[in-house]
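For reference, the structure discussed in these notes is given below.
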Amino acid sequence: MRSRADKLGRMVSVVKLQLRLAEWQLVHLRQQEQSLQDEQEWLVGTLNEGKPPAGSSSESIARRLNRTSVGARAVKEQASRQVDQVRSETRRVKQLEEVAKAALADKLRYAEKRSLEEMTGTSLTVREWTPRPASRNKT
């Protein structure tokens with residue numbers, strides 16, 4: 001009983017760490033997405049001004065804007081998948097916590113039962129190993 005509850009507790013810890021990692025990855029993707037959007041805004045503003053920065057042409061800025069747009073779409077799709085993964089990990093954590101809670105309750109009930117048996121001297125294993133008194137109705 002004890003071993004199962006301990007193993008489930010460790011599993012909950014690992015799954016929570018996986019959830020934290022998935023959440024961190026999602027935050028990182030959101031930051032990338034924001035960075036790409038900021039760059040797109042800057043590039044569009046530069047194109048709209050009519051005079052590109054020194055060393056750049058309108059065509060090079062347009063190509064860069066195109067690459068940034070493609071990258072932003074890819075990051076947005078990846079972030080969408082990551083959101084699904086975070087939700088899945090969250091459900092998994094909740095389910096595993098319920099199982100671990102039940103196992104811990106079983107462990108505590110078993111320990112309480114053993115303690116009561118030891119106090120009253122009516123342990124099932126002790127009863128099984130002690131010889132039964134002979135029948136008094138012998139003829």
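Labeling convention for the structure tokens: chains A, B, ... as they appear, residues from 1 per chain, ligands from 1 in order of appearance.
Close contacts of region 64-81 of chain A, defined as residues with an atom at most 9 Å away when counting only C-alpha atoms, with chain neighbours fewer than 4 positions off set aside, comprise Gln25, Leu26, Val27, Leu29, Arg30, Gln32, Glu33, Gln34, Ser35, Leu36, Gln37, Glu39, Gln40, Leu43, Val44, Glu59, Ser60, Gln85 and Val86 of chain A.
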Which residues of region 10-75 of chain A come within 12 Å of region 2-6 of chain A, and what is each one's closest atom pair and distance in Å (one decimal), counting only C-alpha atoms, sorted by chain and residue number, as JSON lines?
```
{"residue": "A:Arg10", "atom": "CA", "partner": "A:Asp6", "partner_atom": "CA", "distance": 6.3}
{"residue": "A:Met11", "atom": "CA", "partner": "A:Asp6", "partner_atom": "CA", "distance": 8.6}
{"residue": "A:Val12", "atom": "CA", "partner": "A:Asp6", "partner_atom": "CA", "distance": 9.9}
{"residue": "A:Ser13", "atom": "CA", "partner": "A:Asp6", "partner_atom": "CA", "distance": 10.7}
```
*Could you tell me which of A:Trp42, A:Leu108, A:Lys16, A:Glu97 comes closest to Ala62 (chain A) if we count only C-alpha atoms?*
A:Trp42
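Each of A:Lys51, A:Arg114, A:Arg109, A:Arg92 was compared to Leu17 (chain A) using only C-alpha atoms, and A:Arg92 turns out to be the nearest.
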*asked:* Neighbouring residues of region 18-24 of chain A were defined as those with any atom within 9 Å, considering only C-alpha atoms; residues of the same chain fewer than 6 positions away were excluded. Please report them as a PyMOL selection string.
replied: chain A and resi 82-83+85-90+93
*Of the candidates A:Leu96, A:Leu104, A:Ala111, A:Met119, which one gets nearest to Val15 (chain A) if we count only C-alpha atoms?*
A:Leu96
